[in-house]
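Enquirer: Input structure: entry22.txt, which contains compact mmCIF, C-alpha atoms.
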# COMPACT_ATOMS: atom_id res chain seq x y z
CA LYS A 1 -83.91 65.37 203.68
CA PRO A 2 -85.71 65.62 200.37
CA GLY A 3 -88.28 62.87 199.80
CA ARG A 4 -91.94 61.81 200.18
CA TYR A 5 -93.36 61.49 203.68
CA ARG A 6 -96.87 60.31 205.00
CA VAL A 7 -98.36 62.14 207.98
CA GLY A 8 -101.08 60.02 209.71
CA TYR A 9 -104.07 61.41 211.70
CA SER A 10 -106.39 59.47 214.13
CA VAL A 11 -108.39 60.14 217.31
CA SER A 12 -110.20 58.14 220.04
CA ASP A 13 -113.09 59.25 222.29
CA SER A 14 -113.51 58.60 225.99
CA SER A 15 -115.32 55.38 225.29
CA GLY A 16 -112.38 54.14 223.33
CA ASN A 17 -113.86 54.56 219.93
CA LYS A 18 -111.06 55.22 217.43
CA THR A 19 -111.47 56.84 214.05
CA PRO A 20 -109.88 55.39 210.97
CA GLU A 21 -106.39 56.86 210.32
CA PHE A 22 -106.16 59.57 207.72
CA PHE A 23 -102.89 60.27 205.87
CA ARG A 24 -101.36 63.36 204.31
CA GLU A 25 -98.47 63.02 201.84
CA VAL A 26 -95.72 65.59 202.33
CA VAL A 27 -93.12 66.02 199.59
CA ILE A 28 -89.84 67.63 200.72
CA ARG A 29 -88.01 69.14 197.76
CA ASP A 30 -84.41 70.59 197.52
CA ASN A 31 -84.62 73.54 195.16
CA THR A 32 -81.58 75.38 196.49
CA SER A 33 -78.49 75.33 194.27
CA PRO A 34 -75.03 74.70 195.68
CA VAL A 35 -72.74 77.67 196.11
CA LEU A 36 -69.46 77.80 194.14
CA VAL A 37 -66.56 79.89 195.44
CA MET A 38 -63.50 80.51 193.26
CA LEU A 39 -60.09 80.08 194.83
CA GLY A 40 -57.41 82.50 193.72
CA ASP A 41 -57.66 85.42 191.32
CA PRO A 42 -60.56 85.65 188.89
CA ILE A 43 -58.18 87.02 186.25
CA VAL A 44 -54.85 85.34 185.66
CA TYR A 45 -52.12 86.72 183.40
CA LEU A 46 -49.97 84.09 181.75
CA GLU A 47 -47.01 84.24 179.37
CA ALA A 48 -47.65 82.21 176.24
CA GLY A 49 -46.15 78.77 176.57
CA ASP A 50 -45.84 78.91 180.36
CA GLU A 51 -47.52 76.29 182.55
CA TYR A 52 -50.96 77.16 183.89
CA ILE A 53 -51.38 76.14 187.53
CA GLU A 54 -55.00 75.48 188.44
CA GLN A 55 -56.11 77.18 191.67
CA GLY A 56 -59.47 75.46 191.77
CA ALA A 57 -62.73 76.27 193.57
CA LYS A 58 -64.86 74.92 196.41
CA ALA A 59 -68.58 74.08 196.54
CA ASN A 60 -71.08 73.72 199.40
CA ASP A 61 -74.74 72.72 199.48
CA ILE A 62 -77.19 73.30 202.32
CA VAL A 63 -78.36 69.74 202.00
CA ASP A 64 -75.50 67.73 200.59
CA GLY A 65 -72.74 69.65 202.30
CA ASP A 66 -69.26 69.85 200.74
CA LEU A 67 -69.42 69.14 196.99
CA THR A 68 -65.89 70.32 196.12
CA ASP A 69 -64.91 66.90 194.83
CA ASN A 70 -67.86 67.00 192.42
CA ILE A 71 -66.78 70.21 190.71
CA LYS A 72 -66.25 69.86 186.97
CA ILE A 73 -63.52 72.08 185.44
CA ASN A 74 -63.53 72.83 181.74
CA ARG A 75 -60.35 74.50 180.44
CA PRO A 76 -58.44 74.90 177.14
CA SER A 77 -55.93 72.19 176.33
CA SER A 78 -53.06 74.68 176.07
CA PHE A 79 -52.16 78.31 176.50
CA ASP A 80 -49.52 78.56 173.75
CA LYS A 81 -51.12 81.44 171.85
CA PRO A 82 -51.88 84.98 173.00
CA GLY A 83 -55.53 85.75 173.72
CA GLU A 84 -58.29 85.59 176.34
CA PHE A 85 -59.40 82.19 177.54
CA PHE A 86 -61.79 80.98 180.23
CA VAL A 87 -61.73 78.18 182.76
CA ALA A 88 -65.30 77.15 183.69
CA TYR A 89 -66.35 75.64 187.03
CA ASP A 90 -69.64 73.73 187.38
CA VAL A 91 -71.28 71.60 190.09
CA SER A 92 -74.71 70.12 190.82
CA ASP A 93 -76.11 68.70 194.05
CA LEU A 94 -77.76 65.32 194.46
CA SER A 95 -81.10 66.92 193.61
CA ASP A 96 -79.62 68.05 190.31
CA ASN A 97 -79.65 71.69 191.33
CA ARG A 98 -76.90 73.33 189.31
CA ALA A 99 -74.74 76.05 190.83
CA LYS A 100 -74.13 79.27 189.00
CA GLN A 101 -71.17 78.71 186.72
CA LEU A 102 -67.95 80.48 187.61
CA LEU A 103 -65.50 81.67 184.96
CA ARG A 104 -61.85 82.47 185.52
CA LYS A 105 -60.36 84.65 182.77
CA ILE A 106 -56.90 83.67 181.55
CA VAL A 107 -55.15 86.47 179.68
CA VAL A 108 -52.29 84.96 177.68
CA THR A 109 -49.70 87.48 176.51
CA ASP A 110 -46.59 87.20 174.34
CA SER A 111 -43.88 89.52 175.63
CA ARG A 112 -40.83 87.40 174.88
CA PRO A 113 -38.75 88.48 171.87
CA PRO A 114 -37.62 85.91 169.32
CA ASP A 115 -34.34 84.13 169.99
CA LEU A 116 -31.85 85.22 167.32
CA LYS A 117 -28.43 83.57 167.02
CA LEU A 118 -25.64 83.74 164.47
CA ASN A 119 -25.13 80.72 162.27
CA GLY A 120 -21.36 80.55 162.03
CA GLU A 121 -18.60 82.78 163.37
CA PRO A 122 -19.07 86.42 164.42
CA LEU A 123 -15.78 87.44 162.75
CA ILE A 124 -14.89 86.22 159.26
CA TYR A 125 -11.91 87.03 157.05
CA VAL A 126 -12.50 86.95 153.30
CA GLU A 127 -9.88 87.18 150.56
CA ALA A 128 -10.53 90.20 148.36
CA GLY A 129 -11.97 89.26 144.99
CA SER A 130 -13.18 85.85 146.14
CA SER A 131 -16.81 84.92 146.80
CA TYR A 132 -18.65 85.27 150.11
CA THR A 133 -21.91 83.56 151.04
CA ASP A 134 -23.36 84.63 154.36
CA ALA A 135 -24.35 81.79 156.71
CA GLY A 136 -27.27 83.79 158.08
CA VAL A 137 -28.89 83.28 161.48
CA LEU A 138 -30.97 80.82 163.47
CA VAL A 139 -34.23 82.23 164.84
CA SER A 140 -37.03 80.74 166.90
CA ASP A 141 -39.99 82.16 168.80
CA SER A 142 -41.95 80.60 171.65
CA VAL A 143 -45.22 81.43 169.87
CA ASP A 144 -44.51 81.78 166.16
CA GLY A 145 -41.85 79.08 165.89
CA ASP A 146 -39.43 79.43 162.97
CA LEU A 147 -39.14 83.07 161.82
CA SER A 148 -36.21 82.58 159.43
CA GLY A 149 -38.19 84.01 156.54
CA TYR A 150 -38.82 87.25 158.42
CA VAL A 151 -35.26 88.18 159.37
CA GLN A 152 -34.22 91.63 158.18
CA THR A 153 -30.59 91.59 157.07
CA VAL A 154 -28.41 94.55 156.13
CA ASN A 155 -25.38 93.20 154.26
CA PRO A 156 -23.01 95.89 152.89
CA VAL A 157 -20.13 93.50 152.11
CA ASN A 158 -18.20 94.36 148.94
CA ILE A 159 -15.57 91.73 148.21
CA ARG A 160 -14.09 94.02 145.54
CA GLN A 161 -13.15 96.57 148.17
CA VAL A 162 -10.71 95.92 151.01
CA GLY A 163 -12.16 96.95 154.36
CA GLU A 164 -14.24 96.03 157.39
CA TYR A 165 -17.97 95.46 157.00
CA VAL A 166 -20.72 94.78 159.55
CA ILE A 167 -23.79 92.68 158.70
CA THR A 168 -26.79 93.31 160.98
CA TYR A 169 -29.75 91.01 161.63
CA ASN A 170 -33.15 91.85 163.16
CA VAL A 171 -36.49 90.06 163.50
CA SER A 172 -39.89 90.70 165.12
CA ASP A 173 -42.65 88.23 165.99
CA SER A 174 -46.37 88.56 165.31
CA SER A 175 -46.85 90.28 168.68
CA GLY A 176 -44.37 93.00 167.76
CA ASN A 177 -41.59 91.78 170.04
CA SER A 178 -38.23 92.63 168.47
CA SER A 179 -35.09 90.63 169.05
CA ASP A 180 -31.84 92.26 170.06
CA GLU A 181 -29.89 93.18 166.95
CA ILE A 182 -26.95 90.88 166.31
CA LYS A 183 -23.95 91.55 164.11
CA ARG A 184 -21.30 89.75 162.12
CA THR A 185 -18.05 91.45 161.13
CA ILE A 186 -16.56 90.67 157.72
CA ILE A 187 -12.99 91.77 157.05
CA VAL A 188 -12.13 91.78 153.36
CA LYS A 189 -8.36 91.65 153.02
CA ASP A 190 -5.84 91.23 150.22
CA THR A 191 -3.04 88.85 151.19
CA GLN A 192 -1.88 87.65 147.77
CA ARG A 193 1.39 88.89 146.31
CA PRO A 194 1.61 90.35 142.82
CA VAL A 195 3.53 88.26 140.28
CA ILE A 196 6.33 89.78 138.16
CA THR A 197 7.14 88.30 134.75
CA LEU A 198 10.25 89.30 132.82
CA VAL A 199 9.90 90.51 129.27
CA GLY A 200 12.77 89.06 127.27
CA LYS A 201 15.63 86.85 128.38
CA PRO A 202 16.67 86.61 132.03
CA VAL A 203 20.39 86.44 131.10
CA LEU A 204 21.98 88.78 128.53
CA GLU A 205 25.46 89.42 127.13
CA LEU A 206 26.31 92.78 125.66
CA GLU A 207 29.45 94.09 124.03
CA VAL A 208 30.99 96.89 125.99
CA GLY A 209 30.02 100.29 124.70
CA LYS A 210 26.91 99.02 122.95
CA PRO A 211 23.67 100.70 124.08
CA TYR A 212 21.48 98.70 126.46
CA SER A 213 17.70 99.07 126.39
CA ASP A 214 15.95 97.15 129.14
CA ALA A 215 12.97 95.09 127.97
CA GLY A 216 11.24 95.55 131.30
CA ALA A 217 8.70 93.30 132.99
CA THR A 218 4.99 92.95 133.64
CA ALA A 219 3.20 92.65 136.98
CA GLU A 220 -0.19 91.12 137.67
CA ASP A 221 -2.14 91.09 140.95
CA ALA A 222 -5.02 88.69 141.63
CA PHE A 223 -7.11 91.48 143.13
CA GLU A 224 -5.87 94.76 141.64
CA GLY A 225 -5.04 93.46 138.19
CA ASN A 226 -2.23 94.93 136.09
CA LEU A 227 0.46 96.67 138.17
CA THR A 228 3.08 96.99 135.42
CA LYS A 229 3.08 100.78 135.64
CA VAL A 230 4.12 100.77 139.30
CA ILE A 231 7.04 98.35 138.96
CA THR A 232 10.25 99.76 140.44
CA ILE A 233 13.44 98.96 138.51
CA ASP A 234 16.95 99.09 139.96
CA ASN A 235 19.14 99.20 136.83
CA GLN A 236 22.85 99.61 137.55
CA VAL A 237 24.14 98.43 134.17
CA ASN A 238 27.24 100.37 133.05
CA ILE A 239 27.89 99.64 129.40
CA SER A 240 31.33 101.28 129.60
CA ILE A 241 32.79 98.81 132.09
CA PRO A 242 32.84 95.05 131.54
CA GLY A 243 31.27 93.05 134.35
CA LEU A 244 28.17 91.30 135.63
CA TYR A 245 25.25 93.58 136.42
CA PHE A 246 21.79 92.93 137.83
CA VAL A 247 18.56 94.64 136.90
CA VAL A 248 16.16 94.17 139.84
CA TYR A 249 12.36 94.45 139.52
CA ASN A 250 10.01 94.97 142.47
CA VAL A 251 6.35 95.86 142.94
CA SER A 252 3.83 96.05 145.80
CA ASP A 253 0.05 96.29 145.71
CA SER A 254 -1.99 98.84 147.65
CA SER A 255 -2.35 96.39 150.56
CA GLY A 256 1.42 96.25 150.98
CA ASN A 257 1.87 92.76 149.54
CA GLN A 258 5.31 92.69 147.92
CA ALA A 259 6.02 90.52 144.90
CA THR A 260 8.91 88.09 144.84
CA GLU A 261 11.87 90.03 143.48
CA VAL A 262 12.81 89.23 139.87
CA VAL A 263 16.37 89.74 138.58
CA ARG A 264 17.84 89.96 135.08
CA GLU A 265 21.58 89.30 134.65
CA VAL A 266 23.39 91.52 132.16
CA SER A 267 27.02 90.68 131.33
CA ILE A 268 29.01 93.47 129.70
CA ILE A 269 31.84 91.77 127.82
CA ASP A 270 34.91 93.03 125.94
CA THR A 271 35.76 90.88 122.91
CA LEU A 272 37.41 93.56 120.71
CA ALA A 273 41.26 93.65 120.48
CA PRO A 274 43.16 96.94 120.75
CA VAL A 275 44.04 98.75 117.50
CA ILE A 276 47.71 99.52 116.62
CA ARG A 277 48.67 102.21 114.09
CA LEU A 278 52.22 102.65 112.81
CA VAL A 279 53.85 106.04 113.01
CA GLY A 280 55.25 106.77 109.59
CA ASP A 281 55.35 104.59 106.52
CA PRO A 282 54.95 100.87 106.86
CA VAL A 283 57.88 100.35 104.44
CA LEU A 284 61.18 102.24 105.02
CA LYS A 285 64.48 102.26 103.14
CA GLN A 286 67.63 102.51 105.25
CA GLU A 287 71.27 103.04 104.11
CA LEU A 288 73.58 100.22 105.01
CA ASN A 289 75.57 100.81 108.19
CA GLU A 290 73.49 103.80 109.19
CA ASP A 291 71.70 103.67 112.55
CA TYR A 292 68.04 102.64 112.35
CA VAL A 293 65.69 104.79 114.39
CA ASP A 294 62.24 103.21 114.71
CA LEU A 295 59.33 105.62 114.43
CA GLY A 296 57.18 103.40 116.66
CA ALA A 297 53.42 102.97 116.76
CA VAL A 298 50.42 104.00 118.78
CA ALA A 299 47.81 101.66 120.34
CA GLU A 300 44.22 102.32 121.46
CA ASP A 301 41.50 100.11 122.99
CA ASN A 302 37.76 100.74 123.09
CA VAL A 303 37.74 99.97 126.81
CA ASP A 304 41.22 100.70 128.12
CA GLY A 305 41.85 103.69 125.89
CA GLU A 306 45.53 104.66 125.15
CA LEU A 307 47.80 101.60 125.29
CA THR A 308 50.87 102.94 123.44
CA ASP A 309 53.05 102.56 126.53
CA GLN A 310 52.20 98.89 126.66
CA ILE A 311 53.17 98.08 123.06
CA VAL A 312 55.63 95.23 122.90
CA VAL A 313 58.14 95.92 120.06
CA SER A 314 59.92 93.13 118.26
CA ASN A 315 62.79 94.82 116.32
CA PRO A 316 65.22 92.48 114.45
CA VAL A 317 66.65 95.24 112.20
CA ASP A 318 70.49 95.01 111.71
CA SER A 319 71.68 97.99 109.64
CA SER A 320 75.05 96.32 108.97
CA LEU A 321 73.42 93.73 106.85
CA ASP A 322 71.74 94.21 103.54
CA GLY A 323 68.15 93.00 103.67
Could you quickly redo this structure as structure tokens?
Expert:
Amino acid sequence: KPGRYRVGYSVSDSSGNKTPEFFREVVIRDNTSPVLVMLGDPIVYLEAGDEYIEQGAKANDIVDGDLTDNIKINRPSSFDKPGEFFVAYDVSDLSDNRAKQLLRKIVVTDSRPPDLKLNGEPLIYVEAGSSYTDAGVLVSDSVDGDLSGYVQTVNPVNIRQVGEYVITYNVSDSSGNSSDEIKRTIIVKDTQRPVITLVGKPVLELEVGKPYSDAGATAEDAFEGNLTKVITIDNQVNISIPGLYFVVYNVSDSSGNQATEVVREVSIIDTLAPVIRLVGDPVLKQELNEDYVDLGAVAEDNVDGELTDQIVVSNPVDSSLDG
């Protein structure tokens, strides 16, 4: 054991005479350092953010024996960032001899890509001509944290054009790890019907035979605008025959949305009486007692045409009487 010791020397002769005792001081010193032995691998690879499990070390001293419980371990507080770090092991014996320090290298890497998720639905329908604001994505990284400001977005959506569009999102962290590309589909569709508005009155009366000029209608679509030029008109008005006729207006936009049908009523009426013309003079002189032969008349109507056969004759002439 280390310490100070006294070695005494004395001698006696055959007559019993004894010398005074002489002493030598012997100092036992411990100058040998303990030996540290690392347990486990000297280089450990660790994913950033993962838990580091300490493998420890053991220590032995030729004098003090097992000093493992006296080992001091100095390590970083966390391994959340990529880089090279060291865990140091130190121990000293009771004589204050310090062992050679051991270092375990911890190589922290970042190989995990950022976590990229859609904010909102993956499929969205948008009415053509309306507004669309993309909800974007949610992104987090185990090392860099919030990477929302670094997301690369390709957004080709054109709300003025009916069709299907795909928005793509990508992001990379500071270690160059790229997320899987995610997509959102936007379908721009036109579901609104055009609106037809009559020009002029919805109900008309027209004398038979008079010319009819339709006033038409206008058509407006919320997305495509003015569709007046593509209105279809079903006009069956016959000005020669009295009756009730309908002029029907229809229109569809390029998305197949059909307007509500609009109808104009046109009544062809006959208010003119037939015309009768006498055959011969309107005033005749007849000899008394001679037979009276009526020359008759002819009748014509603007609708029914010749009506002579339907003339009703009232003839009170008596040729035997003067008058």
Enquirer: What's the separation between CA of Asn97 in chain A and CA of Gly3 in chain A, in Å to one decimal place?
Expert: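 Those two atoms sit 15.0 Å apart.
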Enquirer: Given all atoms listed in the file as the basis, pick out the residue of A:Asp64, A:Glu121, A:Asp301, A:Glu47 nearest to Asp134 in chain A.
Expert: A:Glu121
Enquirer: Mind running range 77-151 of chain A against range 206-224 of chain A at 9 Å and telling me each contacting residue's nearest atom pair with the distance in Å (one decimal), counting all atoms listed in the file, chain and number ascending, as CSV?
Expert:
residue,atom,partner,partner_atom,distance
A:Ala128,CA,A:Phe223,CA,6.4
A:Gly129,CA,A:Phe223,CA,5.7
A:Ser130,CA,A:Phe223,CA,8.8
Enquirer: What does the distance between CA of Ala48 in chain A and CA of Asp146 in chain A come to in Å, to one decimal place?
Expert: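 Separating CA of Ala48 in chain A from CA of Asp146 in chain A is a distance of 15.9 Å.
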Enquirer: Mind checking which residues fall within 12 Å of Asp281 in chain A, counting all atoms listed in the file, ignoring those fewer than 3 positions away in the same chain, and posting them as a list in words?
Expert: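 Counting only the stated atoms, we get Arg277, Leu278, Leu284, Lys285, Asp294, Leu295, Gly296 and Ala297 of chain A.
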Enquirer: Kindly provide, as a list of chain:residue names, the polymer residues lying within 12 Å of (-80.1, 75.3, 202.2), counting all atoms listed in the file and using the coordinates exactly as they appear in the file.
Expert: A:Lys1, A:Pro2, A:Arg29, A:Asp30, A:Asn31, A:Thr32, A:Ser33, A:Pro34, A:Val35, A:Asn60, A:Asp61, A:Ile62, A:Val63, A:Asp64, A:Gly65, A:Asp93, A:Asn97
Enquirer: So which residues touch Thr185 in chain A within 8 Å, counting only C-alpha atoms, skipping near sequence neighbours fewer than 2 positions away, as a PyMOL selection string?
Expert: chain A and resi 122-124+164-167+183+187
Enquirer: Distance CA of Tyr89 in chain A-CA of Ile71 in chain A, one decimal place?
Expert: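 Here the two named atoms are 6.6 Å from each other.
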Enquirer: Pick out the residues sitting within 10 Å of Val171 in chain A, and hand them over as a list in words; count all atoms listed in the file, and ignore anything fewer than 4 positions along from it in its own chain.
Expert: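 Here the answer would be Pro113, Pro114, Asp115, Leu116, Val139, Ser140, Leu147, Ser148, Gly149, Tyr150, Val151, Gln152, Thr153, Gly176, Asn177, Ser178, Ser179, Asp180, Glu181 and Ile182 of chain A.
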Enquirer: Between A:Leu198, A:Val248, A:Gly243, A:Arg98, which is the closest to Thr228 in chain A once you count all atoms listed in the file?
Expert: A:Leu198
Enquirer: Looking at all atoms listed in the file, which of A:Ser174, A:Ser95, A:Ser252, A:Gln55 is the one that sits closest to Ile28 in chain A?
Expert: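 Nearest candidate to Ile28 in chain A out of A:Ser174, A:Ser95, A:Ser252, A:Gln55: A:Ser95.
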Enquirer: So which residues touch Gly8 in chain A within 10 Å, counting only C-alpha atoms, skipping near sequence neighbours fewer than 5 positions away, as number ranges by chain?
Expert: A: 21-25
Enquirer: Next, dump the selected residues to file, keeping only C-alpha atoms, as a PDB file, keeping the file's coordinate frame.
Expert:
ATOM      1  CA  GLU A  21    -106.390  56.860 210.320  1.00  0.00           C
ATOM      2  CA  PHE A  22    -106.160  59.570 207.720  1.00  0.00           C
ATOM      3  CA  PHE A  23    -102.890  60.270 205.870  1.00  0.00           C
ATOM      4  CA  ARG A  24    -101.360  63.360 204.310  1.00  0.00           C
ATOM      5  CA  GLU A  25     -98.470  63.020 201.840  1.00  0.00           C
TER       6      GLU A  25
END
Enquirer: Range 255-263 of chain A: which residues within 8 Å, counting all atoms listed in the file, same-chain residues fewer than 2 positions away excluded, as a list in words?
Expert: Asp190, Thr191, Gln192, Arg193, Pro194, Val195, Ile196, Thr197, Leu198, Pro202, Phe246, Val247, Val248, Tyr249, Asn250, Val251, Ser252, Asp253 and Glu265 of chain A
